[in-house]
Amino acid sequence: MSRYSISIKAFGEHAVLIEWPEKVDELILDDILQFKKCLLENYLKTNSWEFVIAYNSLTIINRNEIIEYKSFSELINVWYVTKEEVQLKQKFLWKLPVCYDLGFGIDMLNVSSELKLSVSDIIKLHTQHIYTVYGIGFLPGFMYLGGLHKGLDIPRKETPRLKVMKGAVGLAGKQTGIYPQESPGGWNIIGNCPISIFDVKKESPCFVSVGDKIQFYEVSKAKYDLCKIEIEVGIYNIEKQLIDA
Amino acid sequence: MLRIIKTGFFTTVQDLGRFGYRDKGVPVSGVMDSYAVTTINNLLENNREAAVLEITMTGPVLEFKEETYICLGGAQMSATVNEEQLLNNKVYHIKAGDKLSYGKLQRGLRAYLAIKGGFKSSKVLGSVSYYKSITTNSLVEKETVILYDKCSFFDAGKEVKESHLYLDEKVLKVYKGPEFNQLDDKQLEMLFFKSFTIAKENNRMAYQLNEKIKGHNVSMLTSATLPGTVQFTPSGKLIILMKDAQTTGGYPRILQLTEKAISILSQKKYGDKISFKLL
């Protein structure tokens, strides 16, 4: 079991930030997920504790009580060096349909000329890779996905759009992602995913967790419309596979 | 039942916030000025989570359909019931049919209306707090109806004096943020020896400040942010995140406001001055 050198910092009176080496690295992410699980099961069990994981950091927040930083950070250190390997919660690979129709992919032709790749090559590169969810933030259900093919690295648009459609699939720098709701945004939009990543009507409003994986597959506009109807009437099942930890 | 006869600029139902969903990217939301709301909910002997109305800049006209007790707090907005002027932080008895209206904003920006037992809006993900893509019924519009339980027996007249003094406070007490140590002497000097002006861009998500400090070229991986986090952009702009702010961000987090400082700031408007004091 790997041990990293972690650093602990106070973050106001109700939170503490723990940082791992500053790298986008799946082994680091797994170590953070392990430690979070260990804390949740053994030490910080009440629901006044919240945990936010993003890339190389874990932020621990207590909504009710002030954290006595000095003693708490010492405890965290002890808990980290003595943690045993725990069975991580099941991780899933979610397969999400994307329609790359130019009606949705409003920046596709521009991306194609900028990257000197054909539209079908872009779709191929975008769908053949499996992405890791390194964090959820920015908007409810917005996933920070790592693992984009180098060939698709394109800067975000100079002037952000005031409105990007819900479900829009975009590229920006080393990242790809889905806008879970209509929002302003500066990413290059290449398609649309019909599935709601975040749905307040569900008891568990976001099916994806940090550590899960995402793969996109191409669907036609007709299939996209059918997905929408199936989701509407509640008979659509999102394709998923269990990943061995 | 509370009936909205006329709407104000922006009125929402809020409690202390929506907790437990930050890891899915859901902002905490909740009242901007928890100091004001805690004071008035206490006066009414309400649960600390009791829902209130947050009334921004200009107030609505409201009609109470049942007898109850209310307490106003936060900004001073010349509130009257049947022509009688009401004071903040004092419990008033309300009869069925009484109308509450707001007038000129005198001090602060956000006024609060607490009611005995709290407003009974439906909760979404554990909270009634308005947030655009999450709640549909917490925005108070014309003909909106908000429920509450009738109450006939309580003590009117209870009050807290002088709890409005914080409205004039200009100093925000702050802790060092996680990236505080990246600041150089010049930046530190600008941060703590200057005062800053609230920019036009100020709302429930964030308050931007007009004056910049010397910029930087530090890049970092996206990490968690909190209400009260001061973000430092490469161009030297300071952005203070508030209750509806996103849960993660990629700018250095140089300061962290205390909860009281968030309350003080939430009563500031465009053009007001503030400064930071390190704890």
# chains A, B, ... in the order shown; residues from 1 in each chain; ligands from 1
>>> interface_residues(of="chain A", to="chain B", cutoff="10 Å", atoms="only C-alpha atoms", output="MDAnalysis selection string")
chainID A and resid 8:19 22:24 47:61 63 134:144 181:182 198:210
>>> select_by_dssp(residues="stretch 31-172 of chain B", states="helix (DSSP H, G or I)", output="JSON, numbers by chain")
{"B": [34, 35, 36, 37, 38, 39, 40, 41, 42, 43, 165, 166, 167, 168]}
>>> residues_around(residues="stretch 149-162 of chain A", least_positions_apart="3", cutoff="10 Å", atoms="only C-alpha atoms", output="PyMOL selection string")
chain A and resi 107+111-112+114-117+121-122+125-126+128-131+146+170-176+182-189
>>> write_last_selection(atoms="N, CA, C and O atoms", output="tab-separated table (two decimals), in the first residue's frame")
chain	number	residue	atom	x	y	z
A	107	ASP	N	-19.24	24.00	-32.11
A	107	ASP	CA	-17.84	24.39	-32.35
A	107	ASP	C	-17.06	23.30	-33.06
A	107	ASP	O	-15.84	23.41	-33.22
A	111	VAL	N	-13.18	23.40	-34.18
A	111	VAL	CA	-12.22	22.51	-33.51
A	111	VAL	C	-11.48	21.68	-34.56
A	111	VAL	O	-10.26	21.52	-34.51
A	112	SER	N	-12.24	21.22	-35.54
A	112	SER	CA	-11.66	20.40	-36.60
A	112	SER	C	-10.58	21.16	-37.35
A	112	SER	O	-9.49	20.64	-37.60
A	114	GLU	N	-8.94	23.92	-36.28
A	114	GLU	CA	-7.86	24.28	-35.35
A	114	GLU	C	-6.92	23.11	-35.08
A	114	GLU	O	-5.71	23.27	-35.01
A	115	LEU	N	-7.50	21.93	-34.87
A	115	LEU	CA	-6.69	20.76	-34.50
A	115	LEU	C	-6.20	19.99	-35.72
A	115	LEU	O	-5.48	19.01	-35.59
A	116	LYS	N	-6.63	20.42	-36.89
A	116	LYS	CA	-6.30	19.73	-38.15
A	116	LYS	C	-6.64	18.25	-38.08
A	116	LYS	O	-5.84	17.37	-38.40
A	117	LEU	N	-7.86	18.00	-37.63
A	117	LEU	CA	-8.37	16.63	-37.55
A	117	LEU	C	-9.74	16.62	-38.20
A	117	LEU	O	-10.48	17.61	-38.10
A	121	ASP	N	-12.38	11.79	-36.98
A	121	ASP	CA	-11.21	11.52	-36.13
A	121	ASP	C	-11.43	12.08	-34.72
A	121	ASP	O	-11.05	11.45	-33.73
A	122	ILE	N	-12.01	13.26	-34.65
A	122	ILE	CA	-12.28	13.87	-33.33
A	122	ILE	C	-13.21	12.95	-32.54
A	122	ILE	O	-12.96	12.66	-31.36
A	125	LEU	N	-11.31	9.84	-31.39
A	125	LEU	CA	-10.41	10.11	-30.25
A	125	LEU	C	-11.21	10.38	-28.97
A	125	LEU	O	-10.80	9.99	-27.87
A	126	HIS	N	-12.34	11.03	-29.13
A	126	HIS	CA	-13.13	11.39	-27.96
A	126	HIS	C	-13.82	10.18	-27.35
A	126	HIS	O	-14.02	10.10	-26.13
A	128	GLN	N	-12.87	6.80	-27.84
A	128	GLN	CA	-12.08	5.59	-27.56
A	128	GLN	C	-11.41	5.64	-26.18
A	128	GLN	O	-11.07	4.61	-25.63
A	129	HIS	N	-11.29	6.84	-25.62
A	129	HIS	CA	-10.62	6.94	-24.32
A	129	HIS	C	-11.58	6.76	-23.17
A	129	HIS	O	-12.75	7.10	-23.24
A	130	ILE	N	-11.03	6.22	-22.07
A	130	ILE	CA	-11.82	6.09	-20.85
A	130	ILE	C	-11.33	7.18	-19.89
A	130	ILE	O	-10.12	7.32	-19.67
A	131	TYR	N	-12.26	7.96	-19.38
A	131	TYR	CA	-11.90	9.11	-18.54
A	131	TYR	C	-12.14	8.79	-17.07
A	131	TYR	O	-13.07	8.07	-16.72
A	146	GLY	N	-10.30	13.42	-16.32
A	146	GLY	CA	-8.91	13.36	-16.72
A	146	GLY	C	-8.71	12.25	-17.73
A	146	GLY	O	-9.46	11.28	-17.74
A	170	GLY	N	-18.06	19.35	-24.04
A	170	GLY	CA	-17.07	20.32	-24.49
A	170	GLY	C	-15.64	19.89	-24.29
A	170	GLY	O	-15.34	18.91	-23.59
A	171	LEU	N	-14.74	20.63	-24.94
A	171	LEU	CA	-13.29	20.44	-24.80
A	171	LEU	C	-12.69	21.76	-24.34
A	171	LEU	O	-13.09	22.83	-24.81
A	172	ALA	N	-11.73	21.70	-23.41
A	172	ALA	CA	-11.02	22.90	-22.98
A	172	ALA	C	-9.71	22.47	-22.36
A	172	ALA	O	-9.68	21.78	-21.35
A	173	GLY	N	-8.60	22.87	-22.98
A	173	GLY	CA	-7.30	22.48	-22.46
A	173	GLY	C	-7.18	20.97	-22.42
A	173	GLY	O	-7.50	20.29	-23.39
A	174	LYS	N	-6.77	20.45	-21.27
A	174	LYS	CA	-6.60	19.00	-21.16
A	174	LYS	C	-7.87	18.31	-20.68
A	174	LYS	O	-7.84	17.16	-20.27
A	175	GLN	N	-8.99	19.05	-20.71
A	175	GLN	CA	-10.20	18.51	-20.11
A	175	GLN	C	-11.33	18.34	-21.12
A	175	GLN	O	-11.44	19.07	-22.09
A	176	THR	N	-12.20	17.38	-20.82
A	176	THR	CA	-13.47	17.28	-21.52
A	176	THR	C	-14.54	17.15	-20.44
A	176	THR	O	-14.24	16.76	-19.31
A	182	GLU	N	-28.00	24.27	-18.08
A	182	GLU	CA	-27.70	25.43	-18.91
A	182	GLU	C	-26.87	26.40	-18.08
A	182	GLU	O	-27.15	26.60	-16.90
A	183	SER	N	-25.83	26.96	-18.68
A	183	SER	CA	-24.94	27.81	-17.91
A	183	SER	C	-24.08	28.63	-18.87
A	183	SER	O	-23.94	28.28	-20.03
A	184	PRO	N	-23.49	29.73	-18.38
A	184	PRO	CA	-22.48	30.40	-19.21
A	184	PRO	C	-21.26	29.49	-19.29
A	184	PRO	O	-21.04	28.69	-18.37
A	185	GLY	N	-20.47	29.60	-20.33
A	185	GLY	CA	-19.30	28.72	-20.38
A	185	GLY	C	-18.42	28.98	-21.58
A	185	GLY	O	-18.87	29.46	-22.62
A	186	GLY	N	-17.12	28.66	-21.44
A	186	GLY	CA	-16.16	28.96	-22.49
A	186	GLY	C	-15.57	27.74	-23.18
A	186	GLY	O	-14.58	27.85	-23.89
A	187	TRP	N	-16.18	26.56	-22.96
A	187	TRP	CA	-15.61	25.38	-23.60
A	187	TRP	C	-16.06	25.28	-25.05
A	187	TRP	O	-17.09	25.83	-25.44
A	188	ASN	N	-15.26	24.53	-25.85
A	188	ASN	CA	-15.60	24.28	-27.24
A	188	ASN	C	-16.59	23.11	-27.30
A	188	ASN	O	-16.25	21.99	-26.94
A	189	ILE	N	-17.80	23.39	-27.79
A	189	ILE	CA	-18.86	22.39	-27.73
A	189	ILE	C	-18.85	21.50	-28.97
A	189	ILE	O	-18.93	21.99	-30.10
>>> residues_around(residues="stretch 158-167 of chain B", least_positions_apart="5", cutoff="7 Å", atoms="only C-alpha atoms", output="ChimeraX atom specification")
/B:43,89-91,107-108,264,267
>>> write_last_selection(atoms="N, CA and C atoms", output="CSV table (one decimal), in the first residue's frame")
chain,number,residue,atom,x,y,z
B,43,LEU,N,-34.8,35.2,19.0
B,43,LEU,CA,-35.8,36.0,19.7
B,43,LEU,C,-37.2,35.4,19.6
B,89,ASN,N,-34.9,43.4,15.1
B,89,ASN,CA,-34.6,42.7,16.3
B,89,ASN,C,-35.5,42.9,17.4
B,90,LYS,N,-36.8,43.0,17.1
B,90,LYS,CA,-37.9,43.1,18.1
B,90,LYS,C,-39.1,42.3,17.6
B,91,VAL,N,-39.7,41.5,18.6
B,91,VAL,CA,-40.8,40.6,18.2
B,91,VAL,C,-42.1,41.4,18.2
B,107,ARG,N,-29.9,51.2,5.7
B,107,ARG,CA,-28.6,50.7,6.1
B,107,ARG,C,-28.5,49.2,5.7
B,108,GLY,N,-27.4,48.8,5.2
B,108,GLY,CA,-27.2,47.4,4.8
B,108,GLY,C,-27.8,47.1,3.4
B,264,ILE,N,-21.1,40.5,7.6
B,264,ILE,CA,-20.8,41.9,7.4
B,264,ILE,C,-20.8,42.2,6.0
B,267,GLN,N,-23.9,42.6,3.8
B,267,GLN,CA,-24.7,43.8,3.9
B,267,GLN,C,-24.1,45.0,3.1
>>> select_by_dssp(residues="stretch 60-174 of chain B", states="strand (DSSP E)", output="JSON, numbers by chain")
{"B": [61, 62, 63, 64, 68, 69, 70, 71, 72, 73, 74, 75, 76, 80, 81, 84, 85, 91, 92, 93, 94, 99, 100, 101, 107, 108, 109, 110, 111, 112, 113, 114, 115, 145, 146, 171, 172, 173, 174]}
>>> atom_distance(atom1="atom CA of B:Leu105", atom2="atom CA of B:Ile70")
19.5 Å
>>> closest_residue(among="B:Ala96, B:Leu238, B:Leu109, B:Met57", to="B:Ala75", atoms="only C-alpha atoms")
B:Leu109
>>> atom_distance(atom1="atom CA of B:Lys173", atom2="atom CA of B:Ser29")
21.3 Å
>>> residues_around(residues="B:Lys243", least_positions_apart="6", cutoff="12 Å", atoms="only C-alpha atoms", output="PyMOL selection string")
chain B and resi 14-19+26-34+129-131+202-207+225-229+259+262-263+265-266
>>> residues_around(residues="B:Thr12", least_positions_apart="4", cutoff="12 Å", atoms="only C-alpha atoms", output="ChimeraX atom specification")
/B:4,7-8,29-32,51-56,59-60,110-113,119,121,128-132,135-141,144,146,204
>>> write_last_selection(atoms="C-alpha atoms", output="short mmCIF file (atom, residue, chain, number, x, y, z; two decimals), in the first residue's frame")
data_model
loop_
_atom_site.label_atom_id
_atom_site.label_comp_id
_atom_site.auth_asym_id
_atom_site.auth_seq_id
_atom_site.Cartn_x
_atom_site.Cartn_y
_atom_site.Cartn_z
CA ILE B 4 -47.20 38.32 -1.80
CA THR B 7 -42.60 41.76 -5.15
CA GLY B 8 -39.38 43.46 -4.18
CA SER B 29 -26.68 28.33 -0.28
CA GLY B 30 -28.64 29.50 2.78
CA VAL B 31 -28.90 32.96 4.33
CA MET B 32 -26.07 35.33 3.41
CA ALA B 51 -36.69 29.21 7.26
CA VAL B 52 -36.82 32.98 6.76
CA LEU B 53 -37.27 35.38 3.86
CA GLU B 54 -34.14 37.08 2.55
CA ILE B 55 -35.11 40.45 1.09
CA THR B 56 -32.51 42.14 -1.08
CA GLY B 59 -38.81 44.81 -0.13
CA PRO B 60 -42.14 43.28 -1.08
CA ARG B 110 -30.28 42.29 2.88
CA ALA B 111 -33.21 42.34 5.27
CA TYR B 112 -34.69 39.26 6.91
CA LEU B 113 -38.21 38.33 7.94
CA PHE B 119 -41.81 29.28 6.90
CA SER B 121 -41.57 25.64 2.11
CA VAL B 128 -35.56 25.04 1.53
CA SER B 129 -32.81 27.45 0.44
CA TYR B 130 -33.33 28.90 -3.01
CA TYR B 131 -30.83 27.92 -5.67
CA LYS B 132 -31.83 28.33 -9.28
CA THR B 135 -35.42 24.64 -6.09
CA THR B 136 -38.44 25.79 -8.01
CA ASN B 137 -40.58 27.25 -5.25
CA SER B 138 -38.23 29.26 -3.05
CA LEU B 139 -38.16 32.38 -5.22
CA VAL B 140 -40.76 34.77 -3.91
CA GLU B 141 -42.80 36.17 -6.78
CA THR B 144 -46.55 33.19 -4.39
CA ILE B 146 -45.79 30.74 1.62
CA ARG B 204 -25.17 35.62 -3.72
#
>>> atom_distance(atom1="atom CA of B:Tyr35", atom2="atom CA of B:Lys260")
6.4 Å
>>> residues_around(residues="stretch 219-227 of chain A", least_positions_apart="5", cutoff="9 Å", atoms="only C-alpha atoms", output="list in words")
Pro97, Val98, Cys99, Tyr100, Asp101, Asn192, Cys193, Pro194, Ile195, Glu232 and Tyr236 of chain A
>>> write_last_selection(atoms="N, CA and C atoms", output="PDB file, in the first residue's frame")
ATOM      1  N   PRO A  97     -24.097   8.091 -23.922  1.00  0.00           N
ATOM      2  CA  PRO A  97     -24.293   8.406 -25.338  1.00  0.00           C
ATOM      3  C   PRO A  97     -24.051   9.891 -25.610  1.00  0.00           C
ATOM      4  N   VAL A  98     -23.418  10.179 -26.735  1.00  0.00           N
ATOM      5  CA  VAL A  98     -23.238  11.571 -27.147  1.00  0.00           C
ATOM      6  C   VAL A  98     -23.617  11.683 -28.620  1.00  0.00           C
ATOM      7  N   CYS A  99     -24.435  12.675 -28.932  1.00  0.00           N
ATOM      8  CA  CYS A  99     -24.751  12.949 -30.330  1.00  0.00           C
ATOM      9  C   CYS A  99     -23.840  14.075 -30.799  1.00  0.00           C
ATOM     10  N   TYR A 100     -22.994  13.752 -31.793  1.00  0.00           N
ATOM     11  CA  TYR A 100     -22.017  14.733 -32.290  1.00  0.00           C
ATOM     12  C   TYR A 100     -22.555  15.500 -33.499  1.00  0.00           C
ATOM     13  N   ASP A 101     -23.866  15.404 -33.719  1.00  0.00           N
ATOM     14  CA  ASP A 101     -24.530  16.140 -34.792  1.00  0.00           C
ATOM     15  C   ASP A 101     -24.106  17.614 -34.742  1.00  0.00           C
ATOM     16  N   ASN A 192     -23.706  16.622 -27.644  1.00  0.00           N
ATOM     17  CA  ASN A 192     -24.632  16.716 -26.513  1.00  0.00           C
ATOM     18  C   ASN A 192     -24.987  15.329 -25.999  1.00  0.00           C
ATOM     19  N   CYS A 193     -25.060  15.244 -24.661  1.00  0.00           N
ATOM     20  CA  CYS A 193     -25.400  13.976 -24.015  1.00  0.00           C
ATOM     21  C   CYS A 193     -26.826  14.096 -23.465  1.00  0.00           C
ATOM     22  N   PRO A 194     -27.726  13.176 -23.837  1.00  0.00           N
ATOM     23  CA  PRO A 194     -29.141  13.316 -23.433  1.00  0.00           C
ATOM     24  C   PRO A 194     -29.406  12.998 -21.968  1.00  0.00           C
ATOM     25  N   ILE A 195     -28.429  12.393 -21.284  1.00  0.00           N
ATOM     26  CA  ILE A 195     -28.670  11.942 -19.908  1.00  0.00           C
ATOM     27  C   ILE A 195     -28.461  13.084 -18.911  1.00  0.00           C
ATOM     28  N   GLU A 232     -37.443  10.474 -20.282  1.00  0.00           N
ATOM     29  CA  GLU A 232     -38.660  11.187 -19.872  1.00  0.00           C
ATOM     30  C   GLU A 232     -39.653  10.241 -19.198  1.00  0.00           C
ATOM     31  N   TYR A 236     -35.249   4.419 -19.370  1.00  0.00           N
ATOM     32  CA  TYR A 236     -33.886   4.373 -19.889  1.00  0.00           C
ATOM     33  C   TYR A 236     -32.936   3.864 -18.812  1.00  0.00           C
TER      34      TYR A 236
END
>>> decode(residues="stretch 46-69 of chain A", atoms="N, CA, C and O atoms", output="CSV table (one decimal), in the first residue's frame")
chain,number,residue,atom,x,y,z
A,46,THR,N,-20.2,11.2,12.0
A,46,THR,CA,-21.5,11.9,12.1
A,46,THR,C,-21.7,12.7,10.8
A,46,THR,O,-20.8,13.0,10.1
A,47,ASN,N,-23.0,13.0,10.5
A,47,ASN,CA,-23.3,13.7,9.3
A,47,ASN,C,-23.0,15.2,9.3
A,47,ASN,O,-23.3,15.9,8.4
A,48,SER,N,-22.4,15.7,10.4
A,48,SER,CA,-21.9,17.1,10.3
A,48,SER,C,-20.6,17.2,9.5
A,48,SER,O,-20.2,18.3,9.2
A,49,TRP,N,-20.0,16.0,9.2
A,49,TRP,CA,-18.7,16.1,8.4
A,49,TRP,C,-19.1,15.9,6.9
A,49,TRP,O,-19.9,15.1,6.5
A,50,GLU,N,-18.4,16.7,6.1
A,50,GLU,CA,-18.5,16.6,4.7
A,50,GLU,C,-17.1,16.5,4.1
A,50,GLU,O,-16.1,17.0,4.6
A,51,PHE,N,-17.0,15.8,3.0
A,51,PHE,CA,-15.7,15.5,2.3
A,51,PHE,C,-15.7,15.9,0.9
A,51,PHE,O,-16.6,15.5,0.2
A,52,VAL,N,-14.8,16.8,0.4
A,52,VAL,CA,-14.8,17.1,-1.0
A,52,VAL,C,-13.4,16.7,-1.5
A,52,VAL,O,-12.4,17.2,-1.1
A,53,ILE,N,-13.5,15.8,-2.5
A,53,ILE,CA,-12.2,15.4,-3.2
A,53,ILE,C,-12.1,16.1,-4.5
A,53,ILE,O,-13.1,16.2,-5.3
A,54,ALA,N,-10.9,16.6,-4.8
A,54,ALA,CA,-10.7,17.1,-6.2
A,54,ALA,C,-9.2,16.9,-6.5
A,54,ALA,O,-8.3,17.4,-5.8
A,55,TYR,N,-8.9,16.1,-7.6
A,55,TYR,CA,-7.6,15.8,-8.0
A,55,TYR,C,-6.7,15.3,-6.9
A,55,TYR,O,-6.7,14.1,-6.5
A,56,ASN,N,-5.9,16.2,-6.3
A,56,ASN,CA,-4.9,15.7,-5.3
A,56,ASN,C,-5.2,16.2,-3.9
A,56,ASN,O,-4.4,16.3,-3.0
A,57,SER,N,-6.5,16.6,-3.6
A,57,SER,CA,-6.8,17.1,-2.3
A,57,SER,C,-8.1,16.6,-1.8
A,57,SER,O,-9.0,16.1,-2.5
A,58,LEU,N,-8.2,16.6,-0.4
A,58,LEU,CA,-9.3,16.2,0.3
A,58,LEU,C,-9.6,17.3,1.3
A,58,LEU,O,-8.8,17.6,2.1
A,59,THR,N,-10.8,17.9,1.2
A,59,THR,CA,-11.2,18.9,2.2
A,59,THR,C,-12.2,18.3,3.1
A,59,THR,O,-13.2,17.7,2.7
A,60,ILE,N,-11.9,18.5,4.4
A,60,ILE,CA,-12.8,18.0,5.4
A,60,ILE,C,-13.5,19.2,6.1
A,60,ILE,O,-12.9,20.1,6.6
A,61,ILE,N,-14.9,19.1,6.1
A,61,ILE,CA,-15.6,20.3,6.6
A,61,ILE,C,-16.5,19.8,7.7
A,61,ILE,O,-17.2,18.8,7.6
A,62,ASN,N,-16.6,20.6,8.8
A,62,ASN,CA,-17.6,20.3,9.8
A,62,ASN,C,-18.5,21.5,9.9
A,62,ASN,O,-18.1,22.6,10.2
A,63,ARG,N,-19.8,21.2,9.5
A,63,ARG,CA,-20.7,22.3,9.4
A,63,ARG,C,-21.1,22.9,10.8
A,63,ARG,O,-21.5,24.1,10.9
A,64,ASN,N,-21.0,22.1,11.8
A,64,ASN,CA,-21.5,22.6,13.1
A,64,ASN,C,-20.5,23.1,14.1
A,64,ASN,O,-20.7,24.0,14.8
A,65,GLU,N,-19.4,22.4,14.1
A,65,GLU,CA,-18.4,22.7,15.2
A,65,GLU,C,-17.1,23.3,14.6
A,65,GLU,O,-16.7,23.0,13.5
A,66,ILE,N,-16.5,24.1,15.5
A,66,ILE,CA,-15.2,24.7,15.1
A,66,ILE,C,-14.1,23.6,15.3
A,66,ILE,O,-14.1,22.8,16.3
A,67,ILE,N,-13.2,23.5,14.3
A,67,ILE,CA,-12.2,22.5,14.4
A,67,ILE,C,-11.0,23.1,15.1
A,67,ILE,O,-10.5,24.1,14.7
A,68,GLU,N,-10.5,22.4,16.1
A,68,GLU,CA,-9.3,22.8,16.8
A,68,GLU,C,-8.1,22.3,16.0
A,68,GLU,O,-7.8,21.2,16.0
A,69,TYR,N,-7.6,23.2,15.2
A,69,TYR,CA,-6.7,22.8,14.1
A,69,TYR,C,-5.5,22.0,14.5
A,69,TYR,O,-5.2,21.0,14.0
